[in-house]
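Peer 1: The structure file query_5.txt (compact mmCIF, C-alpha atoms) is provided below.
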# COMPACT_ATOMS: atom_id res chain seq x y z
CA HIS A 418 34.22 23.51 0.20
CA GLN A 419 32.19 24.83 -2.71
CA HIS A 420 31.45 21.26 -3.82
CA GLN A 421 30.12 20.47 -0.35
CA HIS A 422 27.87 23.53 -0.50
CA GLN A 423 26.49 22.44 -3.88
CA HIS A 424 25.86 18.95 -2.52
CA GLN A 425 23.92 20.37 0.42
CA GLN A 426 21.87 22.52 -1.93
CA GLN A 427 20.64 19.36 -3.64
CA GLN A 428 18.82 18.19 -0.50
CA VAL A 429 15.19 18.90 -1.26
CA PHE A 430 13.09 16.20 0.40
CA GLY A 431 12.81 14.72 3.86
CA LEU A 432 11.39 11.37 4.94
CA ILE A 433 10.49 10.30 8.47
CA ILE A 434 10.29 6.58 9.15
CA PRO A 435 9.16 5.86 12.73
CA GLY A 436 12.07 4.51 14.77
CA LYS A 437 14.71 5.81 12.36
CA GLU A 438 16.52 9.10 11.90
CA VAL A 439 15.08 11.66 9.50
CA VAL A 440 16.57 11.04 6.06
CA THR A 441 17.19 13.77 3.49
CA ASN A 442 19.97 12.28 1.34
CA PHE A 443 17.93 11.48 -1.77
CA THR A 444 20.26 11.42 -4.75
CA PRO A 445 19.41 12.44 -8.34
CA THR A 446 19.15 9.43 -10.63
CA ASP A 447 18.82 11.16 -14.02
CA PRO A 448 20.47 14.15 -15.72
CA SER A 449 17.21 16.12 -15.86
CA GLY A 450 17.11 16.40 -12.06
CA THR A 451 13.49 15.21 -11.88
CA LYS A 452 14.16 11.73 -10.43
CA PHE A 453 15.61 10.96 -7.01
CA ALA A 454 16.19 7.79 -5.00
CA LEU A 455 17.21 6.62 -1.56
CA THR A 456 17.75 3.06 -0.29
CA ILE A 457 17.41 2.15 3.39
CA PRO A 458 18.36 -1.29 4.77
CA PHE A 459 16.02 -2.88 7.32
CA ASP A 460 17.07 -5.62 9.70
CA VAL A 461 14.45 -8.38 9.45
CA SER A 462 16.38 -10.95 11.50
CA THR A 463 14.31 -13.05 13.86
CA SER A 464 16.86 -13.25 16.65
CA SER A 465 15.79 -14.55 20.06
CA GLN A 466 15.45 -11.01 21.37
CA ASN A 467 12.95 -9.80 18.80
CA SER A 468 11.26 -13.00 17.59
CA ASN A 469 8.08 -12.02 19.42
CA LYS A 470 7.99 -8.52 18.02
CA HIS A 471 6.41 -7.38 14.78
CA ASN A 472 8.71 -7.27 11.79
CA PRO A 473 10.19 -3.75 11.74
CA ILE A 474 9.02 -3.12 8.17
CA THR A 475 5.51 -4.51 8.35
CA SER A 476 4.85 -2.75 11.66
CA ILE A 477 5.41 0.65 10.03
CA SER A 478 1.96 1.94 9.13
CA ASP A 479 2.78 5.56 8.31
CA LEU A 480 5.60 7.68 6.91
CA VAL A 481 6.00 11.45 6.70
CA PHE A 482 7.26 12.92 3.42
CA PHE A 483 8.03 16.63 3.23
CA LEU A 484 9.89 19.44 1.49
CA LEU A 485 12.82 20.77 3.47
CA PRO A 486 12.55 24.35 4.81
CA ASN A 487 12.89 27.14 2.24
CA ILE A 488 12.43 24.67 -0.62
CA THR A 489 9.68 25.10 -3.19
CA LEU A 490 8.69 22.78 -6.00
CA PRO A 491 9.10 23.96 -9.60
CA PRO A 492 6.02 25.85 -10.87
CA ASN A 493 3.02 23.62 -11.66
CA SER A 494 4.87 20.53 -10.45
CA GLY A 495 4.36 17.86 -7.83
CA ALA A 496 6.64 15.22 -6.33
CA MET A 497 5.36 11.64 -6.34
CA ILE A 498 7.04 9.16 -4.00
CA TYR A 499 7.17 5.41 -4.69
CA TRP A 500 8.63 2.45 -2.82
CA SER A 501 10.09 -0.91 -3.70
CA ALA A 502 11.71 -3.72 -1.67
CA ALA A 503 14.59 -6.02 -2.52
CA GLY A 504 16.29 -8.95 -0.81
CA THR A 505 20.00 -8.66 -0.07
CA SER A 506 21.14 -12.26 0.39
CA ALA A 507 22.66 -14.18 -2.53
CA SER A 508 19.55 -16.30 -3.07
CA SER A 509 16.96 -13.57 -2.54
CA SER A 510 18.70 -10.57 -4.13
CA ALA A 511 16.98 -11.33 -7.43
CA GLN A 512 13.68 -10.75 -5.67
CA THR A 513 12.42 -7.23 -6.02
CA SER A 514 8.90 -5.93 -5.55
CA SER A 515 7.63 -3.50 -8.19
CA PHE A 516 7.52 0.22 -7.40
CA GLU A 517 4.23 1.32 -5.86
CA LEU A 518 2.92 4.82 -5.27
CA LEU A 519 2.79 6.08 -1.69
CA GLY A 520 1.60 9.65 -2.27
CA ALA A 521 2.69 13.06 -3.46
CA LEU A 522 3.68 16.58 -2.49
CA THR A 523 2.15 19.56 -4.29
CA PRO A 524 2.75 23.31 -4.04
CA ASN A 525 -0.24 23.54 -1.68
CA GLN A 526 0.79 20.46 0.33
CA PRO A 527 4.52 20.59 1.20
CA SER A 528 4.18 17.72 3.72
CA VAL A 529 2.06 14.59 3.80
CA ILE A 530 1.45 11.55 6.03
CA LEU A 531 1.58 8.39 3.92
CA ARG A 532 -0.16 5.11 4.72
CA THR A 533 2.19 2.26 3.80
CA GLY A 534 -0.15 -0.75 3.77
CA TRP A 535 2.95 -2.91 4.46
CA SER A 536 1.33 -4.95 7.24
CA THR A 537 -0.96 -6.65 4.70
CA HIS A 538 1.31 -6.45 1.63
CA GLU A 539 1.78 -10.06 0.49
CA PRO A 540 4.70 -9.58 -1.97
CA LEU A 541 6.62 -7.74 0.76
CA GLN A 542 5.81 -10.44 3.35
CA ASN A 543 6.93 -13.14 0.90
CA LEU A 544 10.17 -11.30 0.13
CA ILE A 545 10.95 -10.98 3.87
CA ASN A 546 10.12 -14.66 4.50
CA ASN A 547 12.28 -15.77 1.55
CA SER A 548 15.18 -13.64 2.78
CA LEU A 549 14.88 -15.24 6.22
CA SER A 550 14.60 -18.79 4.90
CA SER A 551 17.59 -18.31 2.58
CA ALA A 552 19.65 -17.23 5.60
CA GLY A 553 18.84 -20.55 7.25
CA THR A 554 19.86 -20.87 10.88
CA THR A 555 22.80 -18.48 10.66
CA THR A 556 22.97 -15.70 13.20
CA ALA A 557 23.96 -13.20 10.53
CA VAL A 558 21.83 -10.08 10.20
CA VAL A 559 19.21 -10.48 7.46
CA THR A 560 18.36 -7.25 5.68
CA VAL A 561 15.76 -6.16 3.18
CA ASN A 562 16.40 -2.94 1.28
CA LEU A 563 13.58 -0.46 0.81
CA THR A 564 14.13 1.98 -2.04
CA PHE A 565 12.15 5.20 -2.18
CA GLY A 566 11.93 6.86 -5.57
CA ILE A 567 10.75 10.42 -6.17
CA SER A 568 9.55 11.73 -9.50
CA LEU A 569 8.88 15.39 -10.23
CA GLU A 570 5.88 15.50 -12.55
CA PRO A 571 3.53 18.13 -14.02
CA LEU A 572 0.83 18.91 -11.46
CA ASP A 573 -1.93 17.60 -13.76
CA ASN A 574 -0.20 14.19 -13.94
CA VAL A 575 0.12 14.09 -10.16
CA ARG A 576 -3.53 14.98 -9.60
CA ASN A 577 -4.72 12.45 -12.19
CA THR A 578 -2.59 9.67 -10.69
CA LEU A 579 -3.79 10.39 -7.15
CA HIS A 580 -7.37 10.63 -8.39
CA ASN A 581 -7.08 7.25 -10.15
CA GLU A 582 -5.59 5.66 -7.01
CA GLU A 583 -8.49 7.02 -4.96
CA ASN A 584 -11.02 5.74 -7.51
CA ASN A 585 -9.42 2.28 -7.44
CA MET A 586 -9.74 2.17 -3.66
CA ASN A 587 -13.35 3.29 -3.85
CA ASP A 588 -14.04 0.69 -6.56
CA THR A 589 -12.63 -2.05 -4.34
CA LYS A 590 -14.79 -0.93 -1.42
CA ASN A 591 -17.80 -0.76 -3.74
CA VAL A 592 -17.19 -4.29 -5.07
CA ALA A 593 -16.87 -5.69 -1.54
CA GLN A 594 -20.07 -3.93 -0.52
CA LYS A 595 -21.99 -5.29 -3.50
CA ILE A 596 -20.77 -8.86 -2.87
CA ALA A 597 -21.77 -8.56 0.80
CA CYS A 598 -25.18 -7.30 -0.36
CA ASP A 599 -25.62 -10.29 -2.63
CA LEU A 600 -24.77 -12.65 0.25
CA PHE A 601 -27.15 -10.86 2.60
CA ASN A 602 -30.00 -11.02 0.08
CA TYR A 603 -29.33 -14.73 -0.41
CA LEU A 604 -29.38 -15.34 3.34
CA GLN A 605 -32.63 -13.41 3.62
CA SER A 606 -34.24 -15.69 1.04
CA PHE A 607 -34.07 -18.51 3.62
CA ASP A 608 -35.53 -16.49 6.44
CA ASP A 609 -38.96 -17.35 7.69
CA THR A 610 -40.36 -13.87 8.27
CA GLY A 611 -43.71 -15.22 9.39
CA ASP A 612 -42.60 -15.43 13.04
CA ALA A 613 -42.94 -11.89 14.44
CA SER A 614 -41.31 -12.88 17.72
CA ARG A 615 -38.04 -13.56 15.89
CA SER A 616 -37.82 -10.10 14.33
CA GLY A 617 -34.16 -9.17 13.77
CA TRP A 618 -33.07 -12.83 13.68
CA MET A 619 -32.42 -15.05 10.69
CA THR A 620 -32.48 -18.84 10.42
CA VAL A 621 -30.39 -20.30 7.60
CA PRO A 622 -29.07 -23.77 6.65
CA THR A 623 -25.61 -24.70 8.00
CA ASN A 624 -24.18 -25.09 4.47
CA VAL A 625 -25.57 -21.75 3.32
CA PHE A 626 -22.16 -20.22 2.54
CA ASP A 627 -21.14 -23.14 0.31
CA ARG A 628 -24.48 -22.92 -1.49
CA TRP A 629 -24.20 -19.15 -1.91
CA PHE A 630 -20.62 -19.38 -3.22
CA LYS A 631 -21.52 -22.04 -5.81
CA ARG A 632 -24.45 -19.91 -6.94
CA PHE A 633 -22.19 -16.82 -6.99
CA GLU A 634 -19.57 -18.64 -9.10
CA SER A 635 -22.11 -19.85 -11.64
CA LYS A 636 -23.66 -16.38 -11.94
CA ILE A 637 -20.26 -14.72 -12.28
CA ALA A 638 -19.31 -17.20 -15.03
CA ARG A 639 -22.33 -16.00 -17.02
CA ASP A 640 -21.89 -12.30 -16.18
CA PRO A 641 -18.70 -11.16 -14.36
CA ASN A 642 -20.37 -7.92 -13.28
CA PHE A 643 -23.80 -9.21 -12.26
CA PHE A 644 -23.42 -8.20 -8.60
CA MET A 645 -22.59 -4.57 -9.55
CA LYS A 646 -26.00 -4.24 -11.20
CA ASN A 647 -27.94 -4.72 -7.98
CA SER A 648 -29.26 -1.33 -7.00
CA ASN A 649 -29.50 -1.95 -3.25
Would you put the structure from the file into structure tokens?

Peer 2:
Amino acid sequence: HQHQHQHQQQQVFGLIIPGKEVVTNFTPTDPSGTKFALTIPFDVSTSSQNSNKHNPITSISDLVFFLLPNITLPPNSGAMIYWSAAGTSASSSAQTSSFELLGALTPNQPSVILRTGWSTHEPLQNLINNSLSSAGTTTAVVTVNLTFGISLEPLDNVRNTLHNEENNMNDTKNVAQKIACDLFNYLQSFDDTGDASRSGWMTVPTNVFDRWFKRFESKIARDPNFFMKNSN
């Protein structure tokens, strides 16, 4: 009875996956008690009943990660949660996606909604497709295991990691914006602005995108960051 009580005391974290029961049975994976893991199988079978539905994994856009009631994190610590996927069939079990950060809990944020990004995650899509193709035409259930790993880290590490992730996302947006700017400026160079009646319209050659891309490739070969130097 005492052992059961101790086991219950170890439950610290909760995870809500839409369409599934709340899970709290993360298990410690190292003697220091700072690493925890939980694996959940997902049915990815494309049976006749659900072949027209979204895949149950890739349709999950958000998760909720939280500390259980009356639980507090160690002082100056945060809990970072990661995910990884693995095939379960004989031919796809060797396939595992690398762990990726979902988000973190901090003393000031004991619960958080996490964006998964699974709907556009190519390695995950490939792993699911490979698991399905390796099952062939059998009617057996095809599963992909999602493992969630939690790491208790010093708060500074958590903040730095989250800050870097945010910067990377902003950098990607910035790069896309600059490339779009370069394309727009190139398109504008063809525009005949002399006709006032066509204000707000632009006339460009039909092969303009091919021409722009060739020009873009040659410029990027000379200077990989040329488009980031445009001020507008």

Peer 1: Ranking A:Gly534, A:Thr560, A:Gly520, A:Pro473 by minimum distance to Pro458 of chain A and counting all atoms listed in the file, which one comes first?

Peer 2: A:Thr560

Peer 1: Figure out the distance between atom CA of Tyr499 of chain A and atom CA of Ile434 of chain A, please, to one decimal in Å.

Peer 2: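 So the two atoms, atom CA of Ile434 of chain A and atom CA of Tyr499 of chain A, lie 14.2 Å apart.
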
Peer 1: Taking all atoms listed in the file into account, which of A:Leu579, A:Ala496, A:Leu480, A:Leu569 comes nearest Val439 of chain A?

Peer 2: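 Among the listed residues, A:Leu480 lies closest to Val439 of chain A.
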
Peer 1: Counting all atoms listed in the file, figure out which residue out of A:Thr456, A:Ala502, A:Val429, A:Leu549 gets nearest to Pro527 of chain A.

Peer 2: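 Among the listed residues, the smallest separation from Pro527 of chain A belongs to A:Val429.
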
Peer 1: Work out how far atom CA of Ala521 of chain A is from atom CA of Pro540 of chain A, in Å to one decimal.

Peer 2: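 Taking atom CA of Pro540 of chain A as the start and atom CA of Ala521 of chain A as the end point, the length is 22.8 Å.
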
Peer 1: Hey, which of A:Ile457, A:Trp535, A:Asn442, A:Arg632 ends up closest to Ile477 of chain A? Count all atoms listed in the file.

Peer 2: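 Ranked by minimum distance to Ile477 of chain A, first place goes to A:Trp535.
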
Peer 1: With distances taken over only C-alpha atoms, which residue among A:Ser548, A:Asp599, A:Met497, A:Asn577 lies nearest Lys636 of chain A?

Peer 2: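 Once distances to Lys636 of chain A are computed over only C-alpha atoms, the minimum belongs to A:Asp599.
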
Peer 1: Rank nothing, just name the residue among A:Gln594, A:Thr513, A:Asn574, A:Asn602 nearest to Val621 of chain A, using all atoms listed in the file.

Peer 2: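 Checking each of A:Gln594, A:Thr513, A:Asn574, A:Asn602 against Val621 of chain A, counting all atoms listed in the file, the winner is A:Asn602.
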
Peer 1: Which centre and edge lengths in Å to one decimal define the box along x, y and z that fits every listed atom of segment 511-529 of chain A plus 5 Å per side, as AutoDock Vina command-line options?

Peer 2:
--center_x 8.4 --center_y 6.1 --center_z -2.2 --size_x 27.2 --size_y 44.9 --size_z 22.0

Peer 1: Measure the distance from atom CA of Ile567 of chain A to atom CA of Gln428 of chain A in Å and round it to one decimal.

Peer 2: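 Interatomic distance, atom CA of Ile567 of chain A to atom CA of Gln428 of chain A: 12.6 Å.
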
Peer 1: Generate N, CA and C atoms for segment 547-580 of chain A and emit them as an mmCIF file, in the coordinates of the input.

Peer 2:
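So the final result, stored in selection-v9.cif, reads:
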data_model
loop_
_atom_site.group_PDB
_atom_site.id
_atom_site.type_symbol
_atom_site.label_atom_id
_atom_site.label_comp_id
_atom_site.auth_asym_id
_atom_site.auth_seq_id
_atom_site.Cartn_x
_atom_site.Cartn_y
_atom_site.Cartn_z
ATOM 1 N N ASN A 547 11.274 -15.108 2.395
ATOM 2 C CA ASN A 547 12.280 -15.770 1.550
ATOM 3 C C ASN A 547 13.694 -15.374 1.958
ATOM 4 N N SER A 548 13.858 -14.105 2.327
ATOM 5 C CA SER A 548 15.180 -13.640 2.780
ATOM 6 C C SER A 548 15.576 -14.362 4.061
ATOM 7 N N LEU A 549 14.595 -14.555 4.948
ATOM 8 C CA LEU A 549 14.880 -15.240 6.220
ATOM 9 C C LEU A 549 15.185 -16.714 5.988
ATOM 10 N N SER A 550 14.395 -17.357 5.117
ATOM 11 C CA SER A 550 14.600 -18.790 4.900
ATOM 12 C C SER A 550 15.918 -19.051 4.175
ATOM 13 N N SER A 551 16.325 -18.115 3.302
ATOM 14 C CA SER A 551 17.590 -18.310 2.580
ATOM 15 C C SER A 551 18.782 -18.134 3.513
ATOM 16 N N ALA A 552 18.567 -17.416 4.623
ATOM 17 C CA ALA A 552 19.650 -17.230 5.600
ATOM 18 C C ALA A 552 19.806 -18.469 6.472
ATOM 19 N N GLY A 553 18.774 -19.317 6.468
ATOM 20 C CA GLY A 553 18.840 -20.550 7.250
ATOM 21 C C GLY A 553 18.920 -20.268 8.734
ATOM 22 N N THR A 554 19.761 -21.011 9.424
ATOM 23 C CA THR A 554 19.860 -20.870 10.880
ATOM 24 C C THR A 554 21.049 -19.995 11.282
ATOM 25 N N THR A 555 21.645 -19.326 10.320
ATOM 26 C CA THR A 555 22.800 -18.480 10.660
ATOM 27 C C THR A 555 22.354 -17.316 11.531
ATOM 28 N N THR A 556 23.289 -16.821 12.314
ATOM 29 C CA THR A 556 22.970 -15.700 13.200
ATOM 30 C C THR A 556 23.250 -14.368 12.519
ATOM 31 N N ALA A 557 23.647 -14.435 11.251
ATOM 32 C CA ALA A 557 23.960 -13.200 10.530
ATOM 33 C C ALA A 557 22.706 -12.327 10.415
ATOM 34 N N VAL A 558 22.932 -11.029 10.353
ATOM 35 C CA VAL A 558 21.830 -10.080 10.200
ATOM 36 C C VAL A 558 21.222 -10.257 8.806
ATOM 37 N N VAL A 559 19.912 -10.358 8.742
ATOM 38 C CA VAL A 559 19.210 -10.480 7.460
ATOM 39 C C VAL A 559 18.573 -9.123 7.151
ATOM 40 N N THR A 560 18.907 -8.571 6.012
ATOM 41 C CA THR A 560 18.360 -7.250 5.680
ATOM 42 C C THR A 560 17.534 -7.290 4.399
ATOM 43 N N VAL A 561 16.551 -6.422 4.382
ATOM 44 C CA VAL A 561 15.760 -6.160 3.180
ATOM 45 C C VAL A 561 15.910 -4.670 2.885
ATOM 46 N N ASN A 562 16.228 -4.341 1.655
ATOM 47 C CA ASN A 562 16.400 -2.940 1.280
ATOM 48 C C ASN A 562 15.097 -2.343 0.776
ATOM 49 N N LEU A 563 14.722 -1.208 1.340
ATOM 50 C CA LEU A 563 13.580 -0.460 0.810
ATOM 51 C C LEU A 563 14.134 0.726 0.030
ATOM 52 N N THR A 564 13.720 0.838 -1.215
ATOM 53 C CA THR A 564 14.130 1.980 -2.040
ATOM 54 C C THR A 564 12.943 2.910 -2.229
ATOM 55 N N PHE A 565 13.177 4.182 -1.970
ATOM 56 C CA PHE A 565 12.150 5.200 -2.180
ATOM 57 C C PHE A 565 12.552 6.025 -3.395
ATOM 58 N N GLY A 566 11.669 6.086 -4.358
ATOM 59 C CA GLY A 566 11.930 6.860 -5.570
ATOM 60 C C GLY A 566 11.006 8.063 -5.632
ATOM 61 N N ILE A 567 11.549 9.191 -6.042
ATOM 62 C CA ILE A 567 10.750 10.420 -6.170
ATOM 63 C C ILE A 567 10.798 10.866 -7.623
ATOM 64 N N SER A 568 9.646 11.250 -8.122
ATOM 65 C CA SER A 568 9.550 11.730 -9.500
ATOM 66 C C SER A 568 8.837 13.076 -9.525
ATOM 67 N N LEU A 569 9.524 14.091 -10.044
ATOM 68 C CA LEU A 569 8.880 15.390 -10.230
ATOM 69 C C LEU A 569 8.067 15.332 -11.515
ATOM 70 N N GLU A 570 6.793 15.624 -11.408
ATOM 71 C CA GLU A 570 5.880 15.500 -12.550
ATOM 72 C C GLU A 570 5.035 16.761 -12.672
ATOM 73 N N PRO A 571 4.505 17.023 -13.887
ATOM 74 C CA PRO A 571 3.530 18.130 -14.020
ATOM 75 C C PRO A 571 2.371 17.907 -13.059
ATOM 76 N N LEU A 572 1.869 18.989 -12.493
ATOM 77 C CA LEU A 572 0.830 18.910 -11.460
ATOM 78 C C LEU A 572 -0.400 18.150 -11.945
ATOM 79 N N ASP A 573 -0.763 18.312 -13.209
ATOM 80 C CA ASP A 573 -1.930 17.600 -13.760
ATOM 81 C C ASP A 573 -1.730 16.088 -13.685
ATOM 82 N N ASN A 574 -0.502 15.629 -14.014
ATOM 83 C CA ASN A 574 -0.200 14.190 -13.940
ATOM 84 C C ASN A 574 -0.346 13.681 -12.506
ATOM 85 N N VAL A 575 0.174 14.469 -11.567
ATOM 86 C CA VAL A 575 0.120 14.090 -10.160
ATOM 87 C C VAL A 575 -1.324 13.969 -9.704
ATOM 88 N N ARG A 576 -2.112 14.984 -10.030
ATOM 89 C CA ARG A 576 -3.530 14.980 -9.600
ATOM 90 C C ARG A 576 -4.281 13.806 -10.230
ATOM 91 N N ASN A 577 -4.037 13.555 -11.515
ATOM 92 C CA ASN A 577 -4.720 12.450 -12.190
ATOM 93 C C ASN A 577 -4.344 11.111 -11.570
ATOM 94 N N THR A 578 -3.044 10.936 -11.275
ATOM 95 C CA THR A 578 -2.590 9.670 -10.690
ATOM 96 C C THR A 578 -3.207 9.457 -9.319
ATOM 97 N N LEU A 579 -3.197 10.503 -8.485
ATOM 98 C CA LEU A 579 -3.790 10.390 -7.150
ATOM 99 C C LEU A 579 -5.286 10.142 -7.238
ATOM 100 N N HIS A 580 -5.925 10.800 -8.204
ATOM 101 C CA HIS A 580 -7.370 10.630 -8.390
ATOM 102 C C HIS A 580 -7.686 9.191 -8.800
#
